[in-house]
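File shown here: work07.txt, holding compact mmCIF, C-alpha atoms.
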```txt
# COMPACT_ATOMS: atom_id res chain seq x y z
CA MET A 1 -33.23 4.50 -26.43
CA ARG A 2 -35.38 5.58 -23.51
CA ASP A 3 -34.50 8.80 -21.73
CA THR A 4 -35.73 8.07 -18.18
CA ILE A 5 -34.86 5.76 -15.31
CA ASP A 6 -36.95 5.17 -12.20
CA VAL A 7 -35.71 5.45 -8.62
CA PHE A 8 -35.71 1.69 -8.05
CA ALA A 9 -33.51 0.98 -11.08
CA ALA A 10 -31.20 3.93 -10.33
CA ARG A 11 -30.78 2.74 -6.73
CA ARG A 12 -29.92 -0.83 -7.74
CA LEU A 13 -27.55 0.42 -10.41
CA ALA A 14 -25.86 2.67 -7.83
CA LEU A 15 -25.32 -0.33 -5.54
CA LEU A 16 -24.02 -2.45 -8.39
CA ARG A 17 -21.59 0.21 -9.58
CA ALA A 18 -20.43 0.94 -6.02
CA GLY A 19 -19.58 -2.74 -5.53
CA LEU A 20 -22.30 -3.17 -2.91
CA SER A 21 -24.62 -5.65 -4.56
CA GLY A 22 -24.54 -9.29 -3.55
CA SER A 23 -23.22 -10.25 -6.97
CA GLU A 24 -20.17 -8.03 -6.42
CA ALA A 25 -19.22 -9.39 -2.98
CA GLN A 26 -15.57 -10.41 -2.64
CA GLU A 27 -13.71 -12.59 -0.18
CA ALA A 28 -10.01 -12.60 0.67
CA SER A 29 -8.28 -15.36 2.63
CA THR A 30 -4.75 -13.89 2.50
CA ALA A 31 -3.21 -10.43 2.71
CA GLY A 32 -2.15 -10.68 -0.93
CA ALA A 33 -5.67 -11.59 -2.05
CA ALA A 34 -7.08 -8.75 0.05
CA ARG A 35 -4.68 -6.29 -1.53
CA ARG A 36 -5.61 -7.41 -5.04
CA ALA A 37 -9.30 -7.19 -4.20
CA ALA A 38 -8.77 -3.69 -2.79
CA HIS A 39 -7.13 -2.58 -6.01
CA ARG A 40 -10.11 -3.93 -7.97
CA VAL A 41 -12.52 -1.99 -5.77
CA LEU A 42 -10.47 1.18 -6.09
CA SER A 43 -10.26 0.83 -9.85
CA ARG A 44 -14.01 0.27 -10.09
CA ILE A 45 -15.05 3.21 -7.90
CA GLY A 46 -12.17 5.47 -8.93
CA TYR A 47 -11.05 6.68 -5.49
CA LEU A 48 -10.89 6.01 -1.77
CA GLN A 49 -11.54 9.10 0.33
CA LEU A 50 -9.11 9.47 3.24
CA ASP A 51 -10.08 10.58 6.71
CA THR A 52 -8.30 10.51 10.06
CA VAL A 53 -11.26 9.43 12.24
CA SER A 54 -10.72 5.89 13.52
CA VAL A 55 -13.17 5.66 16.43
CA ALA A 56 -14.92 2.67 14.81
CA GLY A 57 -11.67 0.69 14.82
CA ALA A 58 -10.50 1.65 11.33
CA ARG A 59 -10.29 4.75 9.18
CA SER A 60 -12.78 5.47 6.41
CA HIS A 61 -10.72 4.11 3.51
CA SER A 62 -10.47 0.82 5.40
CA LEU A 63 -14.20 0.88 6.22
CA ILE A 64 -15.03 1.38 2.53
CA LEU A 65 -12.99 -1.68 1.63
CA GLN A 66 -14.18 -3.95 4.44
CA SER A 67 -17.80 -3.31 3.48
CA ARG A 68 -16.99 -4.82 0.08
CA ILE A 69 -14.27 -7.37 0.85
CA ASP A 70 -14.85 -10.00 3.51
CA GLY A 71 -11.48 -10.79 5.07
CA ILE A 72 -9.59 -7.54 4.55
CA THR A 73 -8.02 -6.10 7.70
CA PRO A 74 -7.23 -2.47 8.61
CA ASP A 75 -3.46 -3.04 8.38
CA VAL A 76 -3.79 -4.19 4.75
CA ALA A 77 -6.01 -1.21 3.91
CA GLU A 78 -3.65 1.24 5.61
CA SER A 79 -0.65 -0.03 3.65
CA LEU A 80 -2.18 0.04 0.15
CA LEU A 81 -0.18 3.13 -0.79
CA ARG A 82 3.40 1.95 -1.02
CA PRO A 83 6.20 1.95 -3.61
CA GLY A 84 5.19 0.04 -6.72
CA ALA A 85 1.45 0.05 -5.96
CA PRO A 86 -0.82 1.05 -8.90
CA LEU A 87 -2.25 4.07 -7.06
CA TRP A 88 -1.35 7.57 -5.92
CA GLU A 89 -2.61 10.11 -3.44
CA GLY A 90 -4.10 13.32 -4.76
CA LEU A 91 -6.97 15.75 -4.52
CA GLY A 92 -9.93 14.17 -6.26
CA HIS A 93 -13.24 14.27 -4.44
CA GLU A 94 -11.20 15.12 -1.33
CA ALA A 95 -7.76 13.79 -0.43
CA CYS A 96 -8.00 10.34 -2.00
CA TRP A 97 -6.09 7.34 -3.20
CA MET A 98 -6.77 6.92 -6.90
CA PRO A 99 -5.71 4.54 -9.69
CA LEU A 100 -2.32 5.49 -11.10
CA ASP A 101 -3.69 5.97 -14.62
CA LEU A 102 -5.64 9.02 -13.39
CA TRP A 103 -2.45 10.95 -12.58
CA PRO A 104 -2.28 12.60 -16.06
CA CYS A 105 -5.95 13.63 -15.83
CA PHE A 106 -5.16 15.95 -12.93
CA ALA A 107 -2.28 17.79 -14.60
CA PHE A 108 -4.58 20.77 -15.16
CA ARG A 109 -5.29 20.94 -11.42
CA ARG A 110 -1.63 20.69 -10.46
CA ASP A 111 -0.86 23.51 -12.89
CA ARG A 112 -3.63 25.67 -11.45
CA TYR A 113 -2.21 25.40 -7.96
CA ARG A 114 0.88 27.28 -9.16
CA VAL A 115 -1.33 30.31 -9.81
CA HIS A 116 -3.98 29.59 -7.18
CA PRO A 117 -5.07 32.76 -5.28
CA ARG A 118 -3.75 31.31 -2.00
CA TRP A 119 -1.19 28.67 -2.89
CA GLY A 120 0.41 30.61 -5.74
CA PRO A 121 1.48 33.64 -3.68
CA PHE A 122 2.45 31.33 -0.80
CA LEU A 123 4.84 29.38 -3.03
CA ALA A 124 6.18 32.59 -4.55
CA GLY A 125 7.00 33.85 -1.08
CA THR A 126 8.64 30.63 0.10
CA LYS A 127 10.87 29.75 -2.85
CA ASP A 128 13.92 29.19 -0.65
CA VAL A 129 12.01 26.80 1.62
CA ALA A 130 10.64 24.94 -1.40
CA ALA A 131 14.11 24.62 -2.91
CA ASP A 132 15.48 23.27 0.38
CA LEU A 133 12.66 20.72 0.65
CA LEU A 134 13.21 19.49 -2.89
CA ARG A 135 16.97 19.32 -2.26
CA ARG A 136 16.35 17.38 0.94
CA ALA A 137 14.15 14.87 -0.87
CA ARG A 138 16.67 14.50 -3.69
CA ASP A 139 19.75 14.10 -1.48
CA ASP A 140 18.40 12.46 1.70
CA GLY A 141 15.38 10.57 0.41
CA PRO A 142 11.75 10.51 1.56
CA PHE A 143 10.68 12.46 4.63
CA ARG A 144 7.56 12.42 6.78
CA SER A 145 5.33 15.41 7.35
CA ALA A 146 5.99 14.89 11.08
CA ASP A 147 9.69 15.60 10.45
CA LEU A 148 8.82 19.17 9.51
CA GLU A 149 7.19 20.36 12.71
CA GLY A 150 7.17 20.23 16.50
CA ASP A 151 10.13 18.75 18.38
CA SER A 152 10.87 16.04 15.85
CA GLY A 153 13.53 18.09 14.08
CA THR A 154 16.04 20.81 14.77
CA GLY A 155 16.65 24.26 13.37
CA PHE A 156 14.75 25.15 10.24
CA TRP A 157 12.89 21.84 10.04
CA ARG A 158 10.98 22.56 13.25
CA GLY A 159 8.89 25.27 11.62
CA LYS A 160 5.31 24.65 10.50
CA PRO A 161 5.81 26.72 7.32
CA ALA A 162 7.94 23.86 5.98
CA LYS A 163 5.02 21.47 6.35
CA ARG A 164 2.75 23.86 4.46
CA VAL A 165 5.34 24.25 1.71
CA ALA A 166 5.57 20.46 1.42
CA GLU A 167 1.80 20.31 0.99
CA ALA A 168 1.95 23.07 -1.63
CA LEU A 169 4.63 21.16 -3.56
CA TRP A 170 2.44 18.05 -3.36
CA ARG A 171 -0.47 20.00 -4.80
CA THR A 172 1.66 21.20 -7.72
CA GLY A 173 3.08 17.72 -8.33
CA ASP A 174 6.72 18.50 -7.52
CA LEU A 175 6.45 16.19 -4.53
CA ALA A 176 4.33 13.06 -4.26
CA ILE A 177 3.25 10.96 -1.31
CA ARG A 178 5.28 7.78 -1.43
CA GLU A 179 3.42 5.99 1.37
CA ARG A 180 1.67 6.52 4.69
CA ARG A 181 3.39 5.56 7.93
CA GLY A 182 0.99 5.58 10.85
CA PHE A 183 -1.18 7.68 8.53
CA GLN A 184 1.66 10.23 8.31
CA ARG A 185 2.41 11.36 4.78
CA CYS A 186 5.83 10.36 3.51
CA TYR A 187 6.95 12.76 0.76
CA ASP A 188 9.37 12.07 -2.07
CA LEU A 189 10.14 13.56 -5.45
CA ALA A 190 7.27 12.84 -7.85
CA GLU A 191 9.70 11.38 -10.37
CA ARG A 192 10.60 8.65 -7.86
CA VAL A 193 6.98 7.83 -7.03
CA VAL A 194 5.08 8.08 -10.31
CA PRO A 195 6.52 5.97 -13.17
CA ASP A 196 7.98 7.89 -16.12
CA ALA A 197 5.47 6.33 -18.52
CA VAL A 198 2.61 7.75 -16.45
CA ARG A 199 4.16 11.19 -15.81
CA SER A 200 5.06 11.64 -19.47
CA ARG A 201 1.54 11.01 -20.77
CA SER A 202 0.00 14.32 -21.76
CA VAL A 203 -3.76 14.80 -21.38
CA SER A 204 -5.51 17.99 -22.43
CA VAL A 205 -7.96 19.74 -20.14
CA ASP A 206 -10.88 18.68 -22.36
CA ALA A 207 -9.73 15.05 -22.54
CA ALA A 208 -9.23 15.02 -18.77
CA HIS A 209 -12.77 16.24 -18.17
CA ARG A 210 -14.18 13.62 -20.53
CA GLU A 211 -12.29 10.84 -18.77
CA LEU A 212 -13.26 12.05 -15.30
CA ILE A 213 -16.93 12.27 -16.24
CA LEU A 214 -16.84 8.69 -17.54
CA ARG A 215 -15.03 7.48 -14.40
CA ALA A 216 -17.57 9.20 -12.17
CA LEU A 217 -20.48 7.55 -14.01
CA ALA A 218 -18.68 4.20 -13.86
CA GLY A 219 -18.83 4.49 -10.06
CA HIS A 220 -22.31 6.00 -9.75
CA GLY A 221 -24.39 4.53 -12.57
CA TRP A 222 -26.92 7.32 -13.05
CA ALA A 223 -25.98 10.77 -11.71
CA GLU A 224 -26.84 14.43 -11.93
CA ALA A 225 -24.25 16.78 -13.37
CA ARG A 226 -23.53 18.26 -9.94
CA THR A 227 -22.76 14.79 -8.53
CA ILE A 228 -20.48 13.97 -11.44
CA ALA A 229 -18.61 17.24 -10.96
CA ALA A 230 -18.39 16.90 -7.17
CA THR A 231 -16.82 13.46 -7.55
CA TRP A 232 -13.64 15.20 -8.69
CA ARG A 233 -14.25 18.76 -7.38
CA LEU A 234 -14.90 20.05 -10.88
CA ARG A 235 -17.16 23.02 -11.62
CA PRO A 236 -20.34 21.88 -13.38
CA THR A 237 -20.82 25.38 -14.81
CA SER A 238 -17.33 25.60 -16.31
CA ASP A 239 -16.88 25.68 -20.08
CA ALA A 240 -14.60 22.62 -19.94
CA PHE A 241 -17.18 20.53 -18.06
CA ARG A 242 -20.07 21.53 -20.30
CA ARG A 243 -17.98 20.98 -23.41
CA ALA A 244 -16.96 17.52 -22.20
CA LEU A 245 -20.59 16.53 -21.60
CA ARG A 246 -21.53 17.68 -25.10
CA GLU A 247 -18.64 15.80 -26.72
CA LEU A 248 -19.42 12.60 -24.82
CA VAL A 249 -23.04 12.79 -25.97
CA GLU A 250 -21.91 13.34 -29.56
CA SER A 251 -19.61 10.31 -29.36
CA GLY A 252 -22.40 8.18 -27.88
CA GLU A 253 -20.48 7.45 -24.66
CA ILE A 254 -23.16 8.99 -22.41
CA VAL A 255 -26.82 9.89 -22.83
CA ALA A 256 -29.07 12.38 -21.09
CA CYS A 257 -31.40 10.49 -18.77
CA ALA A 258 -33.95 11.90 -16.32
CA LEU A 259 -34.73 10.25 -13.01
CA ALA A 260 -38.48 9.71 -12.70
CA ASP A 261 -39.11 10.54 -9.06
CA GLY A 262 -42.86 10.76 -8.53
CA ARG A 263 -43.98 13.83 -10.39
CA ASP A 264 -40.42 15.12 -10.71
CA ARG A 265 -38.02 14.48 -13.56
CA VAL A 266 -34.46 15.08 -12.37
CA PRO A 267 -32.01 15.72 -15.24
CA GLY A 268 -29.00 13.45 -15.24
CA TRP A 269 -26.58 11.34 -17.24
CA ILE A 270 -25.80 7.67 -17.73
CA ARG A 271 -23.67 5.45 -19.92
CA PRO A 272 -25.78 3.55 -22.52
CA SER A 273 -24.48 0.20 -21.26
CA ASP A 274 -25.65 1.02 -17.74
CA LEU A 275 -29.06 2.07 -19.01
CA ASP A 276 -29.36 -1.35 -20.61
CA ILE A 277 -28.24 -3.05 -17.38
CA SER A 278 -30.75 -1.07 -15.33
CA ASP A 279 -33.58 -2.69 -17.32
CA ARG A 280 -32.57 -6.06 -15.89
CA LEU A 281 -32.20 -5.01 -12.26
CA ASP A 282 -35.70 -5.90 -11.12
CA ARG A 283 -36.71 -7.22 -7.72
CA ARG A 284 -36.69 -10.85 -8.86
CA THR A 285 -33.12 -10.91 -10.13
CA PHE A 286 -31.30 -8.21 -8.14
CA HIS A 287 -29.08 -9.60 -5.41
CA GLY A 288 -28.86 -7.06 -2.63
CA SER A 289 -26.04 -6.62 -0.18
CA SER A 290 -25.52 -8.76 2.89
CA PRO A 291 -25.86 -6.53 5.97
CA VAL A 292 -22.92 -4.13 6.24
CA LEU A 293 -22.03 -0.94 8.05
CA LEU A 294 -21.01 1.94 5.80
CA THR A 295 -18.83 4.89 6.68
CA PRO A 296 -20.57 8.27 6.12
CA PHE A 297 -17.70 8.97 3.68
CA ASP A 298 -18.54 5.96 1.51
CA PRO A 299 -18.75 6.75 -2.24
CA LEU A 300 -22.41 5.71 -2.08
CA LEU A 301 -23.19 8.17 0.71
CA TRP A 302 -21.21 11.41 0.53
CA ASP A 303 -23.76 13.08 -1.78
CA ARG A 304 -26.46 13.53 0.86
CA ALA A 305 -29.11 14.82 -1.55
CA ARG A 306 -28.57 11.84 -3.87
CA VAL A 307 -28.93 9.38 -0.98
CA ARG A 308 -32.13 11.08 0.11
CA ARG A 309 -33.54 10.80 -3.39
CA LEU A 310 -32.51 7.19 -4.10
CA PHE A 311 -32.83 5.66 -0.62
CA ALA A 312 -35.17 8.02 1.27
CA PHE A 313 -32.47 8.18 3.95
CA ASP A 314 -30.68 11.12 5.58
CA VAL A 315 -26.95 10.66 6.13
CA VAL A 316 -26.02 12.56 9.29
CA LEU A 317 -22.44 13.18 10.42
CA GLU A 318 -22.25 14.60 13.93
CA ILE A 319 -18.52 14.53 14.67
CA TYR A 320 -18.49 18.30 15.06
CA VAL A 321 -21.84 18.54 16.86
CA PRO A 322 -21.70 18.99 20.67
CA ALA A 323 -22.49 15.69 22.38
CA ALA A 324 -25.67 16.99 24.00
CA LYS A 325 -27.09 18.01 20.62
CA ARG A 326 -26.37 14.81 18.68
CA ARG A 327 -29.32 12.83 17.36
CA PHE A 328 -27.54 9.62 16.41
CA GLY A 329 -24.03 9.75 17.86
CA TYR A 330 -20.44 10.76 17.17
CA PHE A 331 -19.84 8.36 14.27
CA ALA A 332 -23.19 6.85 13.26
CA MET A 333 -22.65 4.34 10.46
CA PRO A 334 -25.62 3.65 8.15
CA VAL A 335 -26.64 -0.01 7.85
CA LEU A 336 -27.18 -1.36 4.34
CA SER A 337 -29.26 -4.52 4.06
CA GLY A 338 -30.30 -5.73 0.62
CA GLU A 339 -31.05 -2.51 -1.22
CA ARG A 340 -32.28 -0.54 1.81
CA LEU A 341 -30.57 1.68 4.35
CA ILE A 342 -32.44 0.42 7.41
CA GLY A 343 -30.86 2.43 10.20
CA ARG A 344 -27.58 3.47 11.75
CA VAL A 345 -25.26 2.42 14.56
CA ASP A 346 -22.91 4.68 16.51
CA VAL A 347 -19.84 2.45 16.66
CA LYS A 348 -16.88 2.69 19.02
CA ALA A 349 -13.92 0.30 19.13
CA ASP A 350 -12.93 0.02 22.80
CA ARG A 351 -9.37 -1.29 22.60
CA ASP A 352 -8.91 -1.21 26.37
CA ALA A 353 -11.91 -3.48 26.91
CA GLY A 354 -11.16 -5.44 23.73
CA VAL A 355 -14.61 -5.06 22.18
CA VAL A 356 -16.59 -3.13 19.59
CA ARG A 357 -19.52 -1.31 21.14
CA ALA A 358 -22.77 -0.20 19.60
CA VAL A 359 -23.10 3.02 21.58
CA SER A 360 -26.57 3.47 20.13
CA SER A 361 -28.73 2.06 17.35
CA HIS A 362 -31.50 3.81 15.43
CA TYR A 363 -33.86 2.25 12.90
CA GLU A 364 -35.64 4.02 10.06
CA ASN A 365 -38.82 2.16 10.94
CA ALA A 366 -40.12 3.15 14.37
CA ARG A 367 -41.17 -0.48 14.78
CA PRO A 368 -38.35 -2.43 13.12
CA ALA A 369 -39.10 -5.91 11.86
CA ALA A 370 -37.19 -8.86 13.28
CA GLY A 371 -35.29 -9.06 9.99
CA ASP A 372 -34.00 -5.53 10.38
CA ARG A 373 -32.88 -6.20 13.95
CA TYR A 374 -31.04 -9.30 12.75
CA ALA A 375 -29.44 -7.31 9.91
CA VAL A 376 -28.06 -4.71 12.32
CA ARG A 377 -26.56 -7.42 14.53
CA ALA A 378 -25.08 -9.18 11.50
CA ALA A 379 -23.60 -5.94 10.13
CA LEU A 380 -22.03 -5.12 13.51
CA ALA A 381 -20.62 -8.65 13.81
CA ARG A 382 -19.04 -8.40 10.36
CA HIS A 383 -17.52 -5.04 11.25
CA ALA A 384 -16.17 -6.43 14.52
CA ARG A 385 -14.48 -9.34 12.68
CA ALA A 386 -12.87 -6.91 10.26
CA VAL A 387 -11.32 -4.78 12.99
CA GLY A 388 -10.31 -7.81 15.03
CA LEU A 389 -12.48 -7.25 18.10
CA PRO A 390 -15.61 -9.10 19.25
CA PRO A 391 -18.87 -7.18 19.63
CA ALA A 392 -19.72 -6.29 23.20
CA VAL A 393 -22.49 -8.39 24.69
CA SER A 394 -25.50 -6.17 25.30
```

What does the file become when written as structure tokens?
Amino acid sequence: MRDTIDVFAARRLALLRAGLSGSEAQEASTAGAARRAAHRVLSRIGYLQLDTVSVAGARSHSLILQSRIDGITPDVAESLLRPGAPLWEGLGHEACWMPLDLWPCFAFRRDRYRVHPRWGPFLAGTKDVAADLLRRARDDGPFRSADLEGDSGTGFWRGKPAKRVAEALWRTGDLAIRERRGFQRCYDLAERVVPDAVRSRSVSVDAAHRELILRALAGHGWAEARTIAATWRLRPTSDAFRRALRELVESGEIVACALADGRDRVPGWIRPSDLDISDRLDRRTFHGSSPVLLTPFDPLLWDRARVRRLFAFDVVLEIYVPAAKRRFGYFAMPVLSGERLIGRVDVKADRDAGVVRAVSSHYENARPAAGDRYAVRAALARHARAVGLPPAVS
């Protein structure tokens, strides 16, 4: 078996595995079909990163889904986490929704939070608050994070420490997030959110690392060790991570594979089946994506160095950059067309005016071809349909 992959094959494989090739496109004509399609996407990628920014008309987890599912709406995406759904909210890459079967794989992380340098002492010093929160959940049912602060409660429940304790108990797995209401976390006892059959399954630290490495590669195709680790906030230098890589190689489930990038050979890993698939992803048979806008938090894009290497494109997020110093805009969304990232559009949903605006557009090519200009318009139109607003006439 060969031990290298070129940039073109790695890029196409990344698009295929991320659900962004034309052959993976999905359509949904009903809310139920959209929900089922969303679960398939989540299972394939392994996670949906959550973020509060909604300036484009939807939050990032909704933007990830609408770039892959034609017909899904923000209200369907926002309500994916609900009682009985096959997913849970935890700390994976960041705060994410993940398939329910990954819950046991993060037991080691939940255990570590009990002795974490910051969260451990905090929980030790707030035992009475923690006990009251758990008693409240048990006796009164689920509660929102908003109920634990500001003027929404009375007495003890007005204090912000209670909200921090609730988050700590979520990190340790004593509480779980039952659903999101207006993007507010709704906490409940983990035993009432995660089915017994899932909670009772024991997974060792080594087995968890092996499974998480395989899940990361299932979503990326080819990846460096640091990308695999960052997918789940693992430490690539840890004994457990290195041991898991070695055991997966010994079992034949992954192989070492270098990315041939000009004169460079970048060490990385791939599943043998994906290496075989990459041989067939040539220009004649690969079906690229229809034009879509991607959130900067998309699974394809969050590893900036990887995007630069595979797509020769710099992902720039300027939310925290002063307006006068921004190059591309507050929330510039990269435009994927075929297998190229051709530019970016700073998108703003203007609900008062009832339109989606392209505040600014920037192309990678200083003299964009007519096809690229069409692709940007088509991507913006698709986004506008998804968020339920027409594009502004420029």

Q: Could you give me, as a ChimeraX atom specification, the residues that have an atom at most 10 Å away from the point (-31.9, 8.0, -15.6) in the coordinates of the file, using only C-alpha atoms?
A: /A:2-7,9-10,221-224,255-260,265-271,274-275,278

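A straight line drawn from CA of Ser361 in chain A to CA of Ala324 in chain A is 16.6 Å long.
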
Test item: residues at most 6 Å from range 379-394 of chain A, only C-alpha atoms, excluding those fewer than 5 positions along its chain, as an mmCIF file with C-alpha atoms, keeping the file's coordinate frame:
```cif
data_model
loop_
_atom_site.group_PDB
_atom_site.id
_atom_site.type_symbol
_atom_site.label_atom_id
_atom_site.label_comp_id
_atom_site.auth_asym_id
_atom_site.auth_seq_id
_atom_site.Cartn_x
_atom_site.Cartn_y
_atom_site.Cartn_z
ATOM 1 C CA GLY A 57 -11.670 0.690 14.820
ATOM 2 C CA THR A 73 -8.020 -6.100 7.700
ATOM 3 C CA PRO A 291 -25.860 -6.530 5.970
ATOM 4 C CA VAL A 292 -22.920 -4.130 6.240
ATOM 5 C CA LEU A 293 -22.030 -0.940 8.050
ATOM 6 C CA VAL A 355 -14.610 -5.060 22.180
ATOM 7 C CA VAL A 356 -16.590 -3.130 19.590
ATOM 8 C CA ARG A 357 -19.520 -1.310 21.140
#
```

Selection near Phe122 in chain A, 12 Å with only C-alpha atoms, sequence-local residues under 3 positions removed, as an mmCIF file with C-alpha atoms, keeping the file's coordinate frame:
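Listing of part.cif after writing:
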```cif
data_model
loop_
_atom_site.group_PDB
_atom_site.id
_atom_site.type_symbol
_atom_site.label_atom_id
_atom_site.label_comp_id
_atom_site.auth_asym_id
_atom_site.auth_seq_id
_atom_site.Cartn_x
_atom_site.Cartn_y
_atom_site.Cartn_z
ATOM 1 C CA TYR A 113 -2.210 25.400 -7.960
ATOM 2 C CA ARG A 114 0.880 27.280 -9.160
ATOM 3 C CA VAL A 115 -1.330 30.310 -9.810
ATOM 4 C CA HIS A 116 -3.980 29.590 -7.180
ATOM 5 C CA PRO A 117 -5.070 32.760 -5.280
ATOM 6 C CA ARG A 118 -3.750 31.310 -2.000
ATOM 7 C CA TRP A 119 -1.190 28.670 -2.890
ATOM 8 C CA GLY A 125 7.000 33.850 -1.080
ATOM 9 C CA THR A 126 8.640 30.630 0.100
ATOM 10 C CA LYS A 127 10.870 29.750 -2.850
ATOM 11 C CA ASP A 128 13.920 29.190 -0.650
ATOM 12 C CA VAL A 129 12.010 26.800 1.620
ATOM 13 C CA ALA A 130 10.640 24.940 -1.400
ATOM 14 C CA PRO A 161 5.810 26.720 7.320
ATOM 15 C CA ALA A 162 7.940 23.860 5.980
ATOM 16 C CA ARG A 164 2.750 23.860 4.460
ATOM 17 C CA VAL A 165 5.340 24.250 1.710
ATOM 18 C CA ALA A 166 5.570 20.460 1.420
ATOM 19 C CA GLU A 167 1.800 20.310 0.990
ATOM 20 C CA ALA A 168 1.950 23.070 -1.630
ATOM 21 C CA LEU A 169 4.630 21.160 -3.560
#
```

(Q) If I take CA of Leu294 in chain A and CA of Ser337 in chain A, how far is one from the other in Å, to one decimal? (A)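 CA of Ser337 in chain A lies 10.6 Å from CA of Leu294 in chain A.
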
(Q) Show me, as a PyMOL selection string, the residues that have an atom within 6 Å of range 202-216 of chain A when counting all atoms listed in the file, minus same-chain residues fewer than 2 positions from it. (A) chain A and resi 104-105+218-219+228+240+244

(Q) Need the shell around Arg59 in chain A: protein/DNA/RNA residues with any atom at most 9 Å away, counting only C-alpha atoms. Skip same-chain ones fewer than 4 positions apart. Format as a count of residues only? (A) 11

Q: Work out how far apart CA of Ser273 in chain A and CA of Arg233 in chain A are and give it in Å to one decimal.
A: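 So the two atoms, CA of Ser273 in chain A and CA of Arg233 in chain A, lie 25.3 Å apart.
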
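You can rank A:Ala38, A:Ala378, A:Val345, A:Leu87 by their closest distance to His362 in chain A using all atoms listed in the file, and at the top of that list sits A:Val345.
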
With only C-alpha atoms as the counted atoms, please give the residues lying no more than 10 Å from Leu100 in chain A, apart from itself and same-chain residues fewer than 6 positions off, as a short mmCIF file (atom, residue, chain, number, x, y, z; two decimals) with C-alpha atoms, in the frame of the given file.
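Saved as around28.cif:
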```cif
data_model
loop_
_atom_site.label_atom_id
_atom_site.label_comp_id
_atom_site.auth_asym_id
_atom_site.auth_seq_id
_atom_site.Cartn_x
_atom_site.Cartn_y
_atom_site.Cartn_z
CA SER A 43 -10.26 0.83 -9.85
CA ALA A 85 1.45 0.05 -5.96
CA PRO A 86 -0.82 1.05 -8.90
CA LEU A 87 -2.25 4.07 -7.06
CA TRP A 88 -1.35 7.57 -5.92
CA GLU A 89 -2.61 10.11 -3.44
CA VAL A 194 5.08 8.08 -10.31
CA PRO A 195 6.52 5.97 -13.17
CA VAL A 198 2.61 7.75 -16.45
CA ARG A 199 4.16 11.19 -15.81
#
```

Q: Dig up all the protein and nucleic acid residues within 10 Å of (-31.4, 2.2, 19.3) in the file frame, using only C-alpha atoms, and format them as a list of chain:residue names.
A: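 Nearby residues: A:Phe328, A:Gly343, A:Arg344, A:Val345, A:Asp346, A:Ala358, A:Val359, A:Ser360, A:Ser361, A:His362, A:Tyr363.
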
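Nearest residue to Tyr47 in chain A among A:Ala131, A:Leu341, A:Leu65, A:Ala353 is A:Leu65, counting only C-alpha atoms.
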
Q: Compare A:Leu81, A:Leu102, A:Ala197, A:Leu281 by their minimum atom-to-atom distance to Gly182 in chain A, counting all atoms listed in the file, and give me the closest one.
A: A:Leu81

Rebuild N, CA and C atoms on range 210-221 of chain A, as a tab-separated table (two decimals), in the frame of the given file?
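Final output, selection.tsv:
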```tsv
chain	number	residue	atom	x	y	z
A	210	ARG	N	-13.42	14.73	-19.97
A	210	ARG	CA	-14.18	13.62	-20.53
A	210	ARG	C	-13.91	12.33	-19.76
A	211	GLU	N	-12.64	12.06	-19.49
A	211	GLU	CA	-12.29	10.84	-18.77
A	211	GLU	C	-12.84	10.86	-17.35
A	212	LEU	N	-12.77	11.98	-16.68
A	212	LEU	CA	-13.26	12.05	-15.30
A	212	LEU	C	-14.77	11.92	-15.22
A	213	ILE	N	-15.47	12.45	-16.20
A	213	ILE	CA	-16.93	12.27	-16.24
A	213	ILE	C	-17.28	10.79	-16.42
A	214	LEU	N	-16.58	10.12	-17.32
A	214	LEU	CA	-16.84	8.69	-17.54
A	214	LEU	C	-16.50	7.87	-16.29
A	215	ARG	N	-15.40	8.21	-15.62
A	215	ARG	CA	-15.03	7.48	-14.40
A	215	ARG	C	-16.07	7.70	-13.30
A	216	ALA	N	-16.56	8.92	-13.19
A	216	ALA	CA	-17.57	9.20	-12.17
A	216	ALA	C	-18.83	8.36	-12.44
A	217	LEU	N	-19.28	8.33	-13.68
A	217	LEU	CA	-20.48	7.55	-14.01
A	217	LEU	C	-20.23	6.05	-13.84
A	218	ALA	N	-19.00	5.61	-14.07
A	218	ALA	CA	-18.68	4.20	-13.86
A	218	ALA	C	-18.87	3.81	-12.40
A	219	GLY	N	-18.66	4.76	-11.49
A	219	GLY	CA	-18.83	4.49	-10.06
A	219	GLY	C	-20.23	4.74	-9.55
A	220	HIS	N	-20.99	5.62	-10.23
A	220	HIS	CA	-22.31	6.00	-9.75
A	220	HIS	C	-23.45	5.30	-10.49
A	221	GLY	N	-23.27	4.99	-11.74
A	221	GLY	CA	-24.39	4.53	-12.57
A	221	GLY	C	-25.08	5.74	-13.16
```
